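Structure data (compact mmCIF, C-alpha atoms) from final.txt:
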```
# COMPACT_ATOMS: atom_id res chain seq x y z
CA MET X 1 -66.66 -47.85 -88.54
CA ARG X 2 -63.03 -46.75 -88.72
CA ASN X 3 -60.45 -47.45 -91.43
CA ALA X 4 -58.19 -50.50 -91.47
CA THR X 5 -55.53 -49.51 -88.96
CA TRP X 6 -55.19 -52.45 -86.57
CA SER X 7 -52.23 -54.76 -86.31
CA VAL X 8 -53.33 -58.15 -85.01
CA VAL X 9 -50.75 -60.47 -83.43
CA LEU X 10 -51.30 -64.24 -83.36
CA PRO X 11 -48.90 -66.51 -81.48
CA VAL X 12 -48.68 -70.03 -82.94
CA LYS X 13 -46.89 -72.79 -81.07
CA ARG X 14 -44.92 -75.50 -82.81
CA LEU X 15 -47.63 -77.64 -84.35
CA ALA X 16 -46.44 -80.89 -82.79
CA VAL X 17 -47.12 -79.55 -79.29
CA ALA X 18 -49.98 -77.13 -80.01
CA LYS X 19 -53.57 -77.84 -78.88
CA SER X 20 -52.63 -80.99 -76.94
CA ARG X 21 -56.16 -81.54 -75.59
CA LEU X 22 -57.44 -81.68 -79.17
CA ARG X 23 -55.19 -84.59 -80.13
CA GLY X 24 -57.22 -87.39 -81.73
CA ALA X 25 -60.34 -85.22 -82.14
CA LEU X 26 -60.69 -86.12 -85.82
CA ASP X 27 -60.22 -89.74 -86.78
CA GLY X 28 -57.51 -90.20 -89.39
CA VAL X 29 -56.43 -86.53 -89.37
CA PRO X 30 -52.84 -85.85 -88.25
CA HIS X 31 -52.80 -83.57 -85.22
CA GLU X 32 -50.37 -81.09 -86.77
CA GLU X 33 -52.69 -80.64 -89.76
CA LEU X 34 -55.64 -79.86 -87.52
CA ALA X 35 -53.67 -77.38 -85.41
CA LEU X 36 -52.49 -75.63 -88.57
CA ALA X 37 -56.01 -75.56 -90.04
CA LEU X 38 -57.32 -73.76 -86.94
CA ALA X 39 -54.59 -71.15 -87.30
CA ARG X 40 -55.13 -70.76 -91.06
CA ASP X 41 -58.85 -70.10 -90.63
CA THR X 42 -58.17 -67.61 -87.83
CA VAL X 43 -55.59 -65.75 -89.89
CA ALA X 44 -57.82 -65.74 -92.98
CA ALA X 45 -60.72 -64.26 -91.02
CA ALA X 46 -58.50 -61.63 -89.40
CA LEU X 47 -57.06 -60.60 -92.77
CA ALA X 48 -60.62 -60.25 -94.11
CA CYS X 49 -61.66 -57.97 -91.23
CA PRO X 50 -62.25 -54.42 -92.51
CA LEU X 51 -60.44 -52.84 -89.55
CA VAL X 52 -57.28 -54.96 -89.80
CA ALA X 53 -54.31 -53.58 -91.71
CA GLU X 54 -51.91 -56.46 -90.97
CA VAL X 55 -51.70 -59.79 -89.22
CA VAL X 56 -48.45 -60.67 -87.48
CA VAL X 57 -47.90 -64.36 -86.76
CA VAL X 58 -45.26 -65.21 -84.16
CA THR X 59 -44.01 -68.75 -84.68
CA SER X 60 -40.89 -70.81 -85.16
CA ASP X 61 -42.72 -73.71 -86.80
CA PRO X 62 -41.60 -73.99 -90.45
CA ALA X 63 -44.92 -75.35 -91.72
CA ALA X 64 -46.91 -72.65 -89.93
CA THR X 65 -44.53 -69.96 -91.15
CA ALA X 66 -44.95 -71.06 -94.76
CA ALA X 67 -48.71 -71.64 -94.70
CA LEU X 68 -49.68 -68.51 -92.77
CA GLY X 69 -47.24 -66.35 -94.68
CA ALA X 70 -48.81 -67.60 -97.92
CA LEU X 71 -52.18 -66.31 -96.70
CA GLY X 72 -50.72 -62.80 -96.36
CA ALA X 73 -49.66 -62.69 -92.73
CA ARG X 74 -46.31 -61.20 -91.74
CA THR X 75 -44.39 -63.85 -89.83
CA VAL X 76 -41.74 -63.33 -87.17
CA ALA X 77 -39.81 -65.98 -85.27
CA ASP X 78 -40.40 -66.62 -81.59
CA PRO X 79 -38.31 -64.30 -79.39
CA GLU X 80 -34.85 -65.24 -78.25
CA PRO X 81 -34.30 -65.41 -74.48
CA GLY X 82 -33.07 -62.07 -73.18
CA ALA X 83 -34.88 -59.96 -75.77
CA PRO X 84 -35.35 -56.46 -74.26
CA GLU X 85 -39.14 -56.46 -74.56
CA LEU X 86 -39.23 -59.59 -72.37
CA ALA X 87 -37.45 -58.08 -69.39
CA ALA X 88 -40.43 -58.46 -67.03
CA PRO X 89 -40.24 -61.89 -65.32
CA GLU X 90 -43.95 -62.61 -65.87
CA VAL X 91 -43.57 -62.35 -69.65
CA SER X 92 -42.93 -65.88 -70.86
CA GLY X 93 -44.36 -68.51 -73.18
CA LEU X 94 -47.45 -67.36 -75.05
CA ASN X 95 -47.25 -63.89 -73.52
CA ALA X 96 -43.63 -63.56 -74.59
CA ALA X 97 -44.64 -64.33 -78.18
CA VAL X 98 -47.45 -61.76 -78.07
CA THR X 99 -45.19 -59.11 -76.54
CA HIS X 100 -42.49 -59.81 -79.12
CA GLY X 101 -44.92 -59.59 -82.00
CA ALA X 102 -46.43 -56.35 -80.70
CA ALA X 103 -42.93 -54.86 -80.47
CA THR X 104 -42.57 -55.23 -84.27
CA VAL X 105 -45.72 -53.20 -84.98
CA ASP X 106 -45.66 -49.58 -86.11
CA ALA X 107 -46.08 -47.39 -83.02
CA GLY X 108 -48.79 -45.40 -84.79
CA ARG X 109 -51.16 -48.35 -84.97
CA PRO X 110 -53.44 -49.88 -82.37
CA VAL X 111 -52.52 -53.49 -81.69
CA ALA X 112 -54.48 -56.56 -80.66
CA ALA X 113 -53.58 -60.12 -79.73
CA LEU X 114 -55.83 -62.89 -81.01
CA THR X 115 -55.68 -66.58 -80.17
CA ALA X 116 -54.99 -68.81 -83.17
CA ASP X 117 -57.75 -71.36 -82.50
CA LEU X 118 -60.88 -69.61 -83.78
CA PRO X 119 -61.84 -71.65 -86.88
CA ALA X 120 -65.41 -70.29 -87.06
CA LEU X 121 -64.38 -66.62 -86.71
CA ARG X 122 -66.36 -64.14 -88.81
CA PRO X 123 -64.57 -60.91 -89.82
CA ALA X 124 -67.58 -58.78 -88.89
CA GLU X 125 -67.49 -59.99 -85.29
CA LEU X 126 -63.79 -59.19 -85.00
CA ALA X 127 -64.46 -55.75 -86.47
CA ALA X 128 -67.19 -55.09 -83.91
CA ALA X 129 -64.87 -56.08 -81.07
CA LEU X 130 -62.11 -53.79 -82.36
CA ASP X 131 -64.35 -50.79 -83.09
CA THR X 132 -63.17 -48.13 -80.64
CA ASP X 133 -66.39 -46.12 -80.94
CA THR X 134 -68.43 -49.13 -79.84
CA VAL X 135 -66.04 -49.88 -76.98
CA SER X 136 -66.37 -46.36 -75.64
CA ALA X 137 -70.12 -46.11 -76.04
CA LEU X 138 -71.18 -49.50 -74.71
CA ASP X 139 -68.58 -50.57 -72.21
CA THR X 140 -66.83 -47.64 -70.60
CA GLY X 141 -68.81 -44.44 -71.01
CA GLY X 142 -65.57 -42.89 -72.21
CA ALA X 143 -62.32 -43.67 -73.98
CA ALA X 144 -60.92 -47.15 -73.42
CA ALA X 145 -57.18 -47.78 -73.68
CA ARG X 146 -57.22 -51.59 -73.28
CA TRP X 147 -60.02 -54.13 -73.57
CA PHE X 148 -60.50 -57.85 -73.95
CA VAL X 149 -63.09 -60.36 -75.11
CA PRO X 150 -63.53 -63.48 -72.94
CA ASP X 151 -63.86 -66.94 -74.44
CA ALA X 152 -67.14 -68.85 -74.55
CA ALA X 153 -66.60 -70.15 -71.02
CA GLY X 154 -66.00 -66.63 -69.74
CA THR X 155 -62.73 -67.48 -68.00
CA GLY X 156 -60.18 -67.26 -70.79
CA THR X 157 -59.38 -64.55 -73.32
CA VAL X 158 -59.64 -64.73 -77.11
CA LEU X 159 -58.83 -61.07 -77.88
CA LEU X 160 -56.82 -58.40 -76.08
CA ALA X 161 -56.67 -54.96 -77.68
CA ALA X 162 -54.86 -51.72 -76.94
CA ALA X 163 -55.21 -48.22 -78.36
CA VAL X 164 -52.27 -46.39 -79.95
CA GLY X 165 -49.59 -45.68 -77.38
CA THR X 166 -50.89 -48.26 -74.88
CA ALA X 167 -48.96 -51.44 -74.09
CA LEU X 168 -50.88 -54.70 -74.50
CA ARG X 169 -49.58 -56.24 -71.25
CA PRO X 170 -50.82 -59.74 -72.14
CA GLY X 171 -51.76 -62.16 -69.39
CA PHE X 172 -52.93 -65.15 -71.42
CA GLY X 173 -53.19 -68.55 -69.78
CA THR X 174 -55.57 -70.24 -67.35
CA GLY X 175 -57.89 -67.68 -65.76
CA SER X 176 -56.74 -64.89 -68.08
CA ALA X 177 -60.09 -63.07 -68.12
CA VAL X 178 -59.79 -62.19 -64.44
CA ARG X 179 -56.11 -61.39 -64.86
CA HIS X 180 -56.76 -58.99 -67.74
CA GLN X 181 -59.63 -57.32 -65.90
CA GLN X 182 -57.53 -56.89 -62.76
CA SER X 183 -54.80 -55.29 -64.85
CA GLY X 184 -57.24 -52.57 -65.93
CA ALA X 185 -58.46 -53.90 -69.28
CA VAL X 186 -62.17 -53.40 -69.99
CA ARG X 187 -64.21 -56.58 -70.44
CA ARG X 188 -66.21 -56.44 -73.67
CA GLY X 189 -69.81 -57.57 -73.40
CA GLY X 190 -70.71 -58.51 -76.98
CA ALA X 191 -72.17 -61.91 -77.83
CA TRP X 192 -69.91 -62.62 -80.84
CA PRO X 193 -70.24 -66.42 -80.81
CA THR X 194 -67.67 -67.09 -83.55
CA LEU X 195 -65.06 -64.84 -81.93
CA ARG X 196 -65.54 -66.33 -78.49
CA ARG X 197 -65.53 -69.98 -79.69
CA ASP X 198 -61.93 -70.99 -79.19
CA VAL X 199 -61.17 -74.67 -79.72
CA ASP X 200 -59.32 -76.66 -77.07
CA THR X 201 -61.27 -79.93 -77.08
CA ALA X 202 -63.28 -82.15 -79.40
CA ALA X 203 -66.48 -80.73 -77.86
CA ASP X 204 -65.30 -77.20 -78.66
CA LEU X 205 -64.63 -78.27 -82.25
CA ALA X 206 -68.14 -79.67 -82.51
CA ASP X 207 -69.55 -76.36 -81.25
CA ALA X 208 -67.44 -74.47 -83.80
CA ALA X 209 -68.70 -76.77 -86.55
CA ARG X 210 -72.28 -75.87 -85.63
CA LEU X 211 -71.37 -72.18 -86.02
CA GLY X 212 -69.74 -72.85 -89.39
CA LEU X 213 -66.07 -73.67 -89.80
CA GLY X 214 -63.65 -71.85 -92.06
CA ARG X 215 -62.54 -73.62 -95.24
CA TYR X 216 -59.36 -75.25 -93.89
CA THR X 217 -60.81 -76.74 -90.73
CA ALA X 218 -64.05 -77.63 -92.52
CA ALA X 219 -62.15 -79.75 -95.05
CA LEU X 220 -60.40 -81.72 -92.29
CA HIS X 221 -63.59 -81.98 -90.26
CA ALA X 222 -65.40 -83.54 -93.23
CA SER X 223 -62.47 -85.89 -93.85
CA GLY X 224 -62.35 -86.95 -90.21
CA TYR X 225 -66.11 -87.49 -90.13
CA ARG X 226 -65.97 -89.72 -93.22
CA ALA X 227 -63.10 -91.72 -91.72
CA ASP X 228 -65.06 -92.15 -88.50
CA MET X 229 -68.11 -93.36 -90.39
CA ARG X 230 -66.02 -95.90 -92.32
CA HIS X 231 -64.51 -97.11 -89.06
CA ARG X 232 -67.95 -97.59 -87.49
CA SER X 233 -69.29 -99.39 -90.54
CA VAL X 234 -66.66 -102.13 -90.28
CA SER X 235 -66.72 -102.43 -86.48
```
I'd like the structure from this file rewritten - as structure tokens, please.
Amino acid sequence: MRNATWSVVLPVKRLAVAKSRLRGALDGVPHEELALALARDTVAAALACPLVAEVVVVTSDPAATAALGALGARTVADPEPGAPELAAPEVSGLNAAVTHGAATVDAGRPVAALTADLPALRPAELAAALDTDTVSALDTGGAAARWFVPDAAGTGTVLLAAAVGTALRPGFGTGSAVRHQQSGAVRRGGAWPTLRRDVDTAADLADAARLGLGRYTAALHASGYRADMRHRSVS
């Protein structure tokens, strides 16, 4: 496996509006705390990956900036409208944040975008998905410039990666797996259950818990479970 050279970009929305379908998933746990815990566990796992040299978090949320910066991530604010890297009309929202973060990375490094809702992520699975030798041997039969890993449902994208000198061209959002494939990115075929288990709903969170949550989400999950049990006992 190669040395730690990758820059990994994670866009993080303002916590009050992030992960809206997950609101109320844990009884007694403030939504902003849960959204931040997902991001903290994702960042911690990415920083522990042997191929990752830096993690760049793109956010304008003060709490996320402080907490994720304290873990060792480099934080940059969300892009201002009119930033030169956002000239293409299709680059907006989440994709604007990814593009902006990638523009701050050293041009001599490969860069990847990772969703910030992977609380069960294991560093070894991320390393396998970023290993360029494995990509070439198993998926393309030759050198791959861009590739992506679909989510557990197979329709979204949890990871988009690009070799040195290749633009990421992110197309995150509903149906992003097809969009990335149509744009020329290679679809990775690994199982990688903890990498592919993004969390949008309470059912997703339960699946992630079965895989084994990172420390931050696990603490809230246990707290929410205890609160739910107390609520049921007095009902």
Mind checking which residues fall within 8 Å of X:Pro170, counting all atoms listed in the file, ignoring those fewer than 5 positions away in the same chain, and posting them as a VMD selection string? chain X and resid 95 98 to 99 160 180
Selection to disk with C-alpha atoms, as a PDB file, in the frame of the given file:
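Here's the written file part_12.pdb:
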```pdb
ATOM      1  CA  ASN X  95     -47.250 -63.890 -73.520  1.00  0.00           C
ATOM      2  CA  VAL X  98     -47.450 -61.760 -78.070  1.00  0.00           C
ATOM      3  CA  THR X  99     -45.190 -59.110 -76.540  1.00  0.00           C
ATOM      4  CA  LEU X 160     -56.820 -58.400 -76.080  1.00  0.00           C
ATOM      5  CA  HIS X 180     -56.760 -58.990 -67.740  1.00  0.00           C
TER       6      HIS X 180
END
```
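Ranking X:Ala206, X:Ala103, X:Leu114, X:Leu121 by their shortest atom-to-atom distance to X:Val158, with only C-alpha atoms included, puts X:Leu114 first.
The shortest atom-to-atom distance to X:Leu34, with all atoms listed in the file taken into account, belongs to X:Ala64 out of X:Leu168, X:Ala64, X:Leu10, X:Ala96.
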Contacts of X:Leu71 at 9 Å (all atoms listed in the file; same-chain gap of 3+ positions) as a PyMOL selection string: chain X and resi 40+43-44+47+66-68
Would you work out the distance separating atom CA of X:Thr201 from atom CA of X:Leu220, expressed in Å to one decimal?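 Atom CA of X:Thr201 sits 15.3 Å away from atom CA of X:Leu220.
Residues in contact range of X:Val58, defined as at most 6 Å between all atoms listed in the file, with sequence neighbours fewer than 3 positions away removed, read Pro11, Thr75, Val76, Ala77 and Asp78 of chain X.
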Cut-off 12 Å around (-66.0, -61.3, -88.3) with only C-alpha atoms: residues as JSON, numbers by chain: {"X": [41, 42, 43, 44, 45, 46, 47, 48, 49, 50, 51, 52, 118, 119, 120, 121, 122, 123, 124, 125, 126, 127, 128, 129, 130, 131, 192, 193, 194, 195, 196, 214]}
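Put simply, atom CA of X:Arg215 is 26.7 Å away from atom CA of X:Gly154.
Rounded to one decimal, atom CA of X:Ser7 and atom CA of X:Leu211 lie 25.9 Å from each other.
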Show which residues sit within 12 Å of X:Ala53, as an MDAnalysis selection string. Count all atoms listed in the file, and ignore same-chain residues fewer than 6 positions away. chainID X and resid 2:9 46:47 72:74 105:106 109:112 127
Nearest-residue call for X:Leu22, choices X:Ala102, X:Ala177, X:Ala218, X:Ala35, using all atoms listed in the file: X:Ala35
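Counting all atoms listed in the file, the residue from X:Ala70, X:Leu205, X:Ala185, X:Ala97 that sits nearest to X:Ala167 is X:Ala185.
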Give me, as a ChimeraX atom specification, all polymer residues having an atom no more than 12 Å from X:Gly173, counting all atoms listed in the file and skipping those fewer than 3 positions away in the same chain. /X:90-96,115,150-151,155-158,170,176-180
Closest of X:Arg146, X:Arg169, X:His221, X:Lys19 to X:Val186 - atom-to-atom distances counting all atoms listed in the file: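 Of X:Arg146, X:Arg169, X:His221, X:Lys19, the one nearest X:Val186 is X:Arg146, counting all atoms listed in the file.
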Pick from X:Ala116, X:Ala145, X:Ala202, X:Ala39: nearest to X:Tyr216, with all atoms listed in the file counted? X:Ala39
Box for stretch 198-211 of chain X: with edges along x, y and z, all listed atoms inside and 3 Å added on each side, what are the centre and edge lengths in Å to one decimal, as JSON?
```
{"center_x": -65.8, "center_y": -76.6, "center_z": -81.8, "size_x": 19.0, "size_y": 17.2, "size_z": 15.5}
```
